[in-house]
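Participant: The structure that follows is given in the form of structure tokens.
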Amino acid sequence: MTGKRKADMSDIRELRKKQLKEAFGRSAGLDLSSTPPRFGIIHSITLKNFMCHSNLTMIFEGNVNFVVGNNGSGKSAVLSALIVGLGGKTVSTSRGTSLKNLIKSGCSYAVIRTSLRNDGEEVVDTDIYGDRIIIERKISIDGSSSYKLKTSCNKLISVKREDVMYVLDELNIQVDNPLTCLNQELSKNFLHTKSESDKYKFFLKTTQLEQLNKDYNYIKSQKVVVEESIRRKELALPGLEKIVFEKEDAFRNLTTLNELRNRGDKLRHELAWSHVSRLQQDLKPIQKEHDREKIRTVKYDKVCKEIENREKATKQKVDTLKAEVAKITGEKEKLNPEREMAERVYEQHKNDYRKRTFDFQKACRQHKEVTRDLKALEARILTLKNEESDNRLLNEYKRQKEELNKLKVSEKDMELQLEAVGKEINTKSSVVMNIREKSGTIKRDYQENQRKVDSAKSALNSLSTGRRNKLKLFGHKMPDLINKIQEAYDRRQFKQLPRGPIGNYLSVRDMELAVPVECSVRNYLFSFIVDNHADEKMLERLRNSVFYQNERSRICIYTMKFANTKYDVSRNKVQHSKFSSVLDLLVIEDPIVANCLVDVGSIETQLVIPETQDALQIMQGANSPRNCSRCFTKIGDEVYADRFYSNRKDPVSQYLGTNVEDEIKRKTESLKRLEEEGRKLWQELSDVNSQLKSAQHDLQQQQNKKNSLQYRLNNLKIEIRTLQTLEEPVTIDWKDLEDEVANYERKDADIVKEKETTVMKKKEAGQIMEKSKEKFQKLDVELKKIISAANVVVEKVASASSELDKTKGEQAHYKEGKKKHLASISRLQNRVNEQLRFIETESEKAKIVCPQRLNTKRIPTNIEKEIDQIVKRIGQEEKKHGRREIIVREAADAKLKYQKVQKQLSWCRDFRKQILDYISTREEAYAQLQQLMAVQCVIDFDVLLRQRNFIGEIIFDHEAKAIKIVVNPKDKASNSKDLRALSGGERSFSTVCFILSLWQVMQSPLRCLDEFDVFMDMANRRVAMEMMVDMALLQPKIQFIFLTPHDISSLPGSQQIHVWKMADPKRSREEGDVAEDRKVTIGSV
């Protein structure tokens, strides 16, 4: 060291001593409560199940904190928690090598929660963390641990250790620095160490000079790597330069092929544009057809417009007529109650009139009977008077007896005639019944025929409306269902598009065998296939919305997972040398449909054998085909190994062997046949009805004859009974009868009087009835007129509706035609657009080959042949000299590689120069920083020793990497002693002074010291404590935590000094109990 530099260092030493003395002189009365805190200091720490603490929370409010307590109270556990909680290793705590040793006995985990302040002049991401940063470390019983980085609001930010280390680096907290958290073990080892090199290493580590030295050594190692890379590149550069020269010479030898290549390039240019010309020629007929079809669109629009106008007019007419019907119906409903009331009144009056008439008729009948009886009685009296003179009664009695005998004979004859007529009636009744039954059968057949005719007309009308639509074969509602399925699929209501009806996906290879194939899969033709149960439910809703309940049974839904490949049925498939299976005869493009028919229909196991005899012989013979479940004949008969079923339906394929046009023809022929059968049935019904009327007429005649005979026989029997009741005549006194005549005359007078009264009442009732009848008939006539008018309007509505339906059918037909026409135009337009895209693509490709358009009439094939000939010639030349492209590429690659190596070599040289300059500058700065820190430690150490009137110094030997500490407690320089020669208290005080001098050159915001005064006497302890407190109070932005078991009541009072008093350990407590801690603030005591 030069004299000038020694003088400078001496000045610095004196200045530093002066500053420290002044500072210690002012510290006693200094108030630092308003000094803003520094970020990164500890706000609080919470321990759970850590070492001896079950649940402990400590809050550090000031920059000077004392933790006081007897041995075993858990002071050192707090320091260990600070080290481990902030990411330190277990060995740094001197408490073992595994984290699980730090968990309280009997517990399965431990948690350390450390809260760091993030306020003041410098902060770390305050918008994220706020004014507190919480680091939580959880230790498990297996020795593992996890981190949680949280905000002041306890919001989790990260669980990565790297993020925790980043925050600690930003806060400059160095928990692995031995002077940041100096525990008992490190203090003890430091006091008893005899190695001067260990002290120097301790100095380097605490001042982070060791880490700087490691970084510089790493940079120097990288300089060696760069120099080695430069050496390799310098060796490789001449060889690369030689290769470049060789490749360029080879390239110059290929100039003789330029003419051929130029000619080939021109031909390729021409070929590129010849493709474009060819595509343009192909476009012309497509464009012409497209224009022609667009002209036809006008005609479709005109016809559709006319039909639409006609439909609007018809619809308006229907609406008008319906409104008129509604109006008439309203009038009818309004008039009908009035007419019913009038009818009831009329019926009531009519019944009253009938009652009066009955009373009048009864009176007349009684008058007539009385008059007749009176006349008979008078005649009897006269007869008796006359009989008194002769014997006529006896003669009359005899005559009546003779007449009785004659009547009995006539009775027997009439009974015989009546029996014969009864037999004839039974015969006629049997004939009428048979004819009536025959008529009923024919009538039912005719009605069934008419139902079939209506059904055939409806189906034919539906098929005619949707011509060329195969779906119409499966019912006129099937296209609506398919459209709804497609709309639902477009709206993503289906995961997979359902397949169906299955028959729409099937066709037959041999149309002659369409009947047996259709019989085999008949039950599945209307079915649908879905991929999952959700799609099944959706399809059921759509099916139920389109079809009635009685129409849904044949539309089954099968659920199976869709697959893009067909099943391999080679092992289970029926094999026959002559006949094919149903699966082989069907053409099924969709593998999903094929797999479904294999699963549910087993079509791979069913044969088609045209002839019934062959089918019976093969199926029911001794050697039936393997894997064959059944077979079908040409007419649809079903043959099993043990039974046979004949096809009762027409052997006609309705779905697989026909298309819509064929089905229309077949339906038309079937309709004609049904109509012809209907006419025959109607004629037969008319003939049978004529026979029935004739038989009924004959039967009625016999009935009338029987009734006449029965009437005559009844009268005859009455006469016989009358004559049989006659007795022989006796003599009667006629005078007794005159009194009875008088009675009859009185009775007749009363009846005549009652008759006159009844006539008057009948006349009045008749007049009332006529009035009510007139009113009822008037209302009835009006109602009938309204009903007649309504019927006329209803017929008009029906006619107009029929015309509207017809118009709608025509409109649907033309719209379908227009739709197909527009689809055709769209397809042509797509072809035109596609061709134009091809032309544009080819033009772009041609422009890449040759930017300028070349007009050529040559076809691409001829140009390609000429190019091939040139290529062959070039190939022959290249065999002699080598391929031009390879040589050019190799020359370019070699040159590029050579230039790249040159650039890399230049960069490496520059980088090496930068590294050398950087190392030189940093080594000089490192030496200065090392010397400055050493001088500062020497000065601070000297000043601190003088607090006890000690004299000493720290001697740094940077070359030998050693530190020697010399201390003289008696203030005699000649008696300076090494630390090993001092007493325990003196050595502890000297160590504290050394630590405090090192603290002055540290940058960490945290200082922790455990049992610093354990070996000091009372005088040294007091001076050391006051010295540490004064130094701490002078640095309000740094946090100091001192742990001591001794009394600290001699400390000066200050609001910045805070004390945590740990409770004494109670040995009688169970392990796991937590001591009750108390916090004491010295300044407030």
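Please note that chains go A, B, ... in the order of the structure tokens, that every chain numbers its residues from 1, and that ligands are numbered from 1 in the order shown.
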Within 12 Å of Asn833 in chain A, counting only C-alpha atoms, which residues show up once you throw out same-chain ones fewer than 6 positions away? Write them as a ChimeraX atom specification, please.

Facilitator: /A:280,283,286-287,290,825-827,839-841

Participant: Next, the residues of the selection above should be written as an mmCIF file, in the first residue's frame with all heavy atoms.

Facilitator:
data_model
loop_
_atom_site.group_PDB
_atom_site.id
_atom_site.type_symbol
_atom_site.label_atom_id
_atom_site.label_comp_id
_atom_site.auth_asym_id
_atom_site.auth_seq_id
_atom_site.Cartn_x
_atom_site.Cartn_y
_atom_site.Cartn_z
ATOM 1 N N GLN A 280 -60.243 -22.470 -69.221
ATOM 2 C CA GLN A 280 -61.150 -21.448 -69.739
ATOM 3 C C GLN A 280 -62.010 -21.996 -70.860
ATOM 4 O O GLN A 280 -63.198 -21.643 -70.986
ATOM 5 C CB GLN A 280 -60.339 -20.238 -70.211
ATOM 6 C CG GLN A 280 -59.725 -19.438 -69.063
ATOM 7 C CD GLN A 280 -58.839 -18.315 -69.541
ATOM 8 O OE1 GLN A 280 -58.415 -18.306 -70.697
ATOM 9 N NE2 GLN A 280 -58.543 -17.359 -68.650
ATOM 10 N N LEU A 283 -64.742 -24.002 -69.352
ATOM 11 C CA LEU A 283 -65.730 -23.189 -68.649
ATOM 12 C C LEU A 283 -66.857 -22.719 -69.564
ATOM 13 O O LEU A 283 -67.986 -22.540 -69.120
ATOM 14 C CB LEU A 283 -65.024 -21.992 -67.999
ATOM 15 C CG LEU A 283 -65.920 -20.969 -67.290
ATOM 16 C CD1 LEU A 283 -66.640 -21.609 -66.107
ATOM 17 C CD2 LEU A 283 -65.087 -19.787 -66.814
ATOM 18 N N ILE A 286 -70.201 -24.767 -69.656
ATOM 19 C CA ILE A 286 -70.866 -24.692 -68.349
ATOM 20 C C ILE A 286 -71.517 -23.332 -68.162
ATOM 21 O O ILE A 286 -72.666 -23.215 -67.712
ATOM 22 C CB ILE A 286 -69.836 -24.967 -67.228
ATOM 23 C CG1 ILE A 286 -69.184 -26.330 -67.402
ATOM 24 C CG2 ILE A 286 -70.504 -24.878 -65.859
ATOM 25 C CD1 ILE A 286 -68.058 -26.598 -66.413
ATOM 26 N N GLN A 287 -70.807 -22.272 -68.541
ATOM 27 C CA GLN A 287 -71.355 -20.917 -68.438
ATOM 28 C C GLN A 287 -72.565 -20.750 -69.339
ATOM 29 O O GLN A 287 -73.566 -20.122 -68.949
ATOM 30 C CB GLN A 287 -70.259 -19.903 -68.808
ATOM 31 C CG GLN A 287 -70.664 -18.451 -68.586
ATOM 32 C CD GLN A 287 -70.819 -18.115 -67.117
ATOM 33 O OE1 GLN A 287 -69.977 -18.450 -66.325
ATOM 34 N NE2 GLN A 287 -71.936 -17.485 -66.763
ATOM 35 N N HIS A 290 -75.461 -22.495 -67.761
ATOM 36 C CA HIS A 290 -75.884 -21.694 -66.607
ATOM 37 C C HIS A 290 -76.733 -20.508 -67.041
ATOM 38 O O HIS A 290 -77.785 -20.211 -66.444
ATOM 39 C CB HIS A 290 -74.635 -21.236 -65.844
ATOM 40 C CG HIS A 290 -74.949 -20.319 -64.690
ATOM 41 N ND1 HIS A 290 -74.864 -18.945 -64.784
ATOM 42 C CD2 HIS A 290 -75.364 -20.582 -63.422
ATOM 43 C CE1 HIS A 290 -75.208 -18.415 -63.638
ATOM 44 N NE2 HIS A 290 -75.516 -19.379 -62.779
ATOM 45 N N ILE A 825 -79.313 -24.448 -60.914
ATOM 46 C CA ILE A 825 -78.553 -23.219 -61.205
ATOM 47 C C ILE A 825 -77.411 -23.058 -60.206
ATOM 48 O O ILE A 825 -76.283 -22.683 -60.572
ATOM 49 C CB ILE A 825 -79.494 -22.001 -61.172
ATOM 50 C CG1 ILE A 825 -80.492 -22.068 -62.343
ATOM 51 C CG2 ILE A 825 -78.704 -20.700 -61.240
ATOM 52 C CD1 ILE A 825 -81.514 -20.966 -62.335
ATOM 53 N N SER A 826 -77.741 -23.357 -58.907
ATOM 54 C CA SER A 826 -76.701 -23.235 -57.884
ATOM 55 C C SER A 826 -75.551 -24.195 -58.152
ATOM 56 O O SER A 826 -74.382 -23.833 -58.007
ATOM 57 C CB SER A 826 -77.309 -23.509 -56.507
ATOM 58 O OG SER A 826 -76.324 -23.427 -55.525
ATOM 59 N N ARG A 827 -75.921 -25.421 -58.553
ATOM 60 C CA ARG A 827 -74.860 -26.382 -58.867
ATOM 61 C C ARG A 827 -74.022 -25.895 -60.041
ATOM 62 O O ARG A 827 -72.784 -26.001 -60.037
ATOM 63 C CB ARG A 827 -75.475 -27.754 -59.173
ATOM 64 C CG ARG A 827 -75.973 -28.492 -57.944
ATOM 65 C CD ARG A 827 -76.247 -29.950 -58.272
ATOM 66 N NE ARG A 827 -77.290 -30.098 -59.273
ATOM 67 C CZ ARG A 827 -78.583 -30.170 -59.002
ATOM 68 N NH1 ARG A 827 -78.999 -30.122 -57.739
ATOM 69 N NH2 ARG A 827 -79.470 -30.308 -59.955
ATOM 70 N N ILE A 839 -59.279 -21.762 -62.372
ATOM 71 C CA ILE A 839 -58.579 -20.890 -63.321
ATOM 72 C C ILE A 839 -57.714 -19.886 -62.573
ATOM 73 O O ILE A 839 -56.551 -19.637 -62.939
ATOM 74 C CB ILE A 839 -59.603 -20.172 -64.233
ATOM 75 C CG1 ILE A 839 -60.279 -21.194 -65.170
ATOM 76 C CG2 ILE A 839 -58.933 -19.072 -65.046
ATOM 77 C CD1 ILE A 839 -61.432 -20.615 -65.964
ATOM 78 N N GLU A 840 -58.321 -19.305 -61.477
ATOM 79 C CA GLU A 840 -57.561 -18.317 -60.702
ATOM 80 C C GLU A 840 -56.351 -18.968 -60.045
ATOM 81 O O GLU A 840 -55.252 -18.408 -60.042
ATOM 82 C CB GLU A 840 -58.472 -17.708 -59.643
ATOM 83 C CG GLU A 840 -57.805 -16.571 -58.879
ATOM 84 C CD GLU A 840 -58.745 -15.929 -57.880
ATOM 85 O OE1 GLU A 840 -59.930 -16.321 -57.869
ATOM 86 O OE2 GLU A 840 -58.288 -15.052 -57.128
ATOM 87 N N THR A 841 -56.589 -20.194 -59.489
ATOM 88 C CA THR A 841 -55.480 -20.907 -58.845
ATOM 89 C C THR A 841 -54.375 -21.226 -59.846
ATOM 90 O O THR A 841 -53.184 -21.006 -59.588
ATOM 91 C CB THR A 841 -55.991 -22.198 -58.200
ATOM 92 O OG1 THR A 841 -57.032 -21.871 -57.273
ATOM 93 C CG2 THR A 841 -54.876 -22.919 -57.466
#

Participant: Of the candidates A:Arg554, A:Lys964, A:Arg509, A:Lys242, which shows the shortest atom-to-atom distance to Ser581 in chain A, using only C-alpha atoms?

Facilitator: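 The closest residue to Ser581 in chain A is A:Arg509.
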
Participant: What's around His576 in chain A at 10 Å? Count only C-alpha atoms, leave out sequence neighbours fewer than 5 positions away in its own chain, and write the answer as a PyMOL selection string.

Facilitator: chain A and resi 581+607+624-626+628

Participant: Write to file, as a PDB file, in the first residue's frame, the residues of the selection just made, with N, CA, C and O atoms.

Facilitator:
ATOM      1  N   SER A 581     -76.716 -64.279 -49.578  1.00  0.00           N
ATOM      2  CA  SER A 581     -77.410 -63.831 -48.372  1.00  0.00           C
ATOM      3  C   SER A 581     -78.077 -62.481 -48.628  1.00  0.00           C
ATOM      4  O   SER A 581     -77.800 -61.799 -49.626  1.00  0.00           O
ATOM      5  N   LEU A 607     -80.661 -66.438 -46.164  1.00  0.00           N
ATOM      6  CA  LEU A 607     -80.440 -66.729 -47.581  1.00  0.00           C
ATOM      7  C   LEU A 607     -81.647 -66.318 -48.406  1.00  0.00           C
ATOM      8  O   LEU A 607     -82.784 -66.237 -47.900  1.00  0.00           O
ATOM      9  N   SER A 624     -78.105 -78.654 -43.907  1.00  0.00           N
ATOM     10  CA  SER A 624     -78.515 -77.250 -44.060  1.00  0.00           C
ATOM     11  C   SER A 624     -77.290 -76.356 -43.946  1.00  0.00           C
ATOM     12  O   SER A 624     -76.321 -76.704 -43.263  1.00  0.00           O
ATOM     13  N   PRO A 625     -77.276 -75.195 -44.607  1.00  0.00           N
ATOM     14  CA  PRO A 625     -76.099 -74.315 -44.593  1.00  0.00           C
ATOM     15  C   PRO A 625     -75.759 -73.859 -43.169  1.00  0.00           C
ATOM     16  O   PRO A 625     -76.640 -73.610 -42.348  1.00  0.00           O
ATOM     17  N   ARG A 626     -74.478 -73.765 -42.896  1.00  0.00           N
ATOM     18  CA  ARG A 626     -74.011 -73.313 -41.587  1.00  0.00           C
ATOM     19  C   ARG A 626     -74.312 -71.826 -41.407  1.00  0.00           C
ATOM     20  O   ARG A 626     -74.226 -71.052 -42.350  1.00  0.00           O
ATOM     21  N   CYS A 628     -77.073 -70.398 -41.081  1.00  0.00           N
ATOM     22  CA  CYS A 628     -78.292 -69.950 -41.775  1.00  0.00           C
ATOM     23  C   CYS A 628     -79.471 -70.070 -40.826  1.00  0.00           C
ATOM     24  O   CYS A 628     -79.795 -71.166 -40.344  1.00  0.00           O
TER      25      CYS A 628
END

Participant: Write out as a list in words each polymer residue whose atoms come within 6 Å of range 39-55 of chain A, counting only C-alpha atoms; drop sequence neighbours fewer than 4 positions from it.

Facilitator: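 Skipping anything fewer than 4 positions along the chain leaves Ile59, Phe60, Leu102, Ile103, Lys104, Ala110, Val111, Ile112, Arg113, Thr114, Ser115, Leu116, Arg117, Asn118, Asp119, Gly120, Leu171, Gln1039 and Val1074 of chain A.
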
Participant: Interatomic distance between CA of Met414 in chain A and CA of His697 in chain A?

Facilitator: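 Calculated distance between CA of Met414 in chain A and CA of His697 in chain A is 23.3 Å.
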
Participant: One number please: CA of Asn949 in chain A to CA of Leu1006 in chain A, in Å, one decimal.

Facilitator: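 That distance, rounded to one decimal, is 29.2 Å.
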
Participant: Quick one: residues within 9 Å of Tyr926 in chain A, only C-alpha atoms, excluding same-chain residues fewer than 4 positions away - as a list in words?

Facilitator: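 Using only C-alpha atoms, the neighbours found are Leu209, Leu212, Asn213, Thr921, Arg922, Gln930 and Gln931 of chain A.
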
Participant: Given the selection you just returned, output its residues as a file containing C-alpha atoms, formatted as a compact mmCIF listing (two decimals), in the first residue's frame.

Facilitator:
# COMPACT_ATOMS: atom_id res chain seq x y z
CA LEU A 209 -18.41 -11.02 -1.22
CA LEU A 212 -19.66 -12.13 -5.93
CA ASN A 213 -16.43 -14.12 -6.12
CA THR A 921 -13.18 -3.76 -14.34
CA ARG A 922 -15.11 -5.96 -11.88
CA GLN A 930 -13.47 -5.59 -0.25
CA GLN A 931 -10.94 -3.05 1.04

Participant: Excluding range 847-863 of chain A and its own-chain neighbours fewer than 3 positions away, which residues fall within 8 Å of it when counting only C-alpha atoms? Please give them as a PyMOL selection string.

Facilitator: chain A and resi 267-275+277-278+843-844+866-867

Participant: Out of A:Ser140, A:Glu536, A:Ser553, A:Ile128, which residue has the shortest atom-to-atom distance to Cys107 in chain A when counting only C-alpha atoms?

Facilitator: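 For Cys107 in chain A, the nearest of the candidates is A:Ser140.
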
Participant: So what do you get for CA of Lys302 in chain A versus CA of Tyr814 in chain A, distance-wise?

Facilitator: 10.6 Å

Participant: Where does DSSP see alpha helix (DSSP H) in range 839-1058 of chain A, if you list the residues as JSON, numbers by chain?

Facilitator: {"A": [839, 840, 841, 842, 843, 844, 845, 846, 847, 848, 849, 860, 861, 862, 863, 864, 865, 866, 867, 868, 869, 870, 871, 872, 873, 874, 875, 876, 877, 878, 879, 880, 881, 884, 885, 886, 887, 888, 889, 890, 891, 892, 893, 894, 895, 896, 897, 898, 899, 900, 901, 902, 903, 904, 905, 906, 907, 908, 909, 910, 911, 912, 913, 914, 915, 916, 917, 918, 919, 920, 921, 922, 923, 924, 925, 926, 927, 928, 929, 930, 931, 932, 933, 934, 935, 936, 937, 938, 939, 940, 941, 942, 943, 944, 945, 984, 985, 986, 987, 988, 989, 990, 991, 992, 993, 994, 995, 996, 997, 998, 999, 1018, 1019, 1020, 1021, 1022, 1023, 1024, 1025, 1026, 1027, 1028, 1029, 1030, 1031, 1032, 1033]}

Participant: Calculated over only C-alpha atoms, which of the candidates A:Leu905, A:Ile592, A:Ala960, A:Val938 has the smallest distance to Glu234 in chain A?

Facilitator: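 Going through A:Leu905, A:Ile592, A:Ala960, A:Val938 one by one, the smallest distance to Glu234 in chain A is for A:Leu905.
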
Participant: Which one of A:Val759, A:Leu240, A:Val888, A:Val325 sits closest to Lys362 in chain A if you count only C-alpha atoms?

Facilitator: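 Of A:Val759, A:Leu240, A:Val888, A:Val325, the one nearest Lys362 in chain A is A:Val759, counting only C-alpha atoms.
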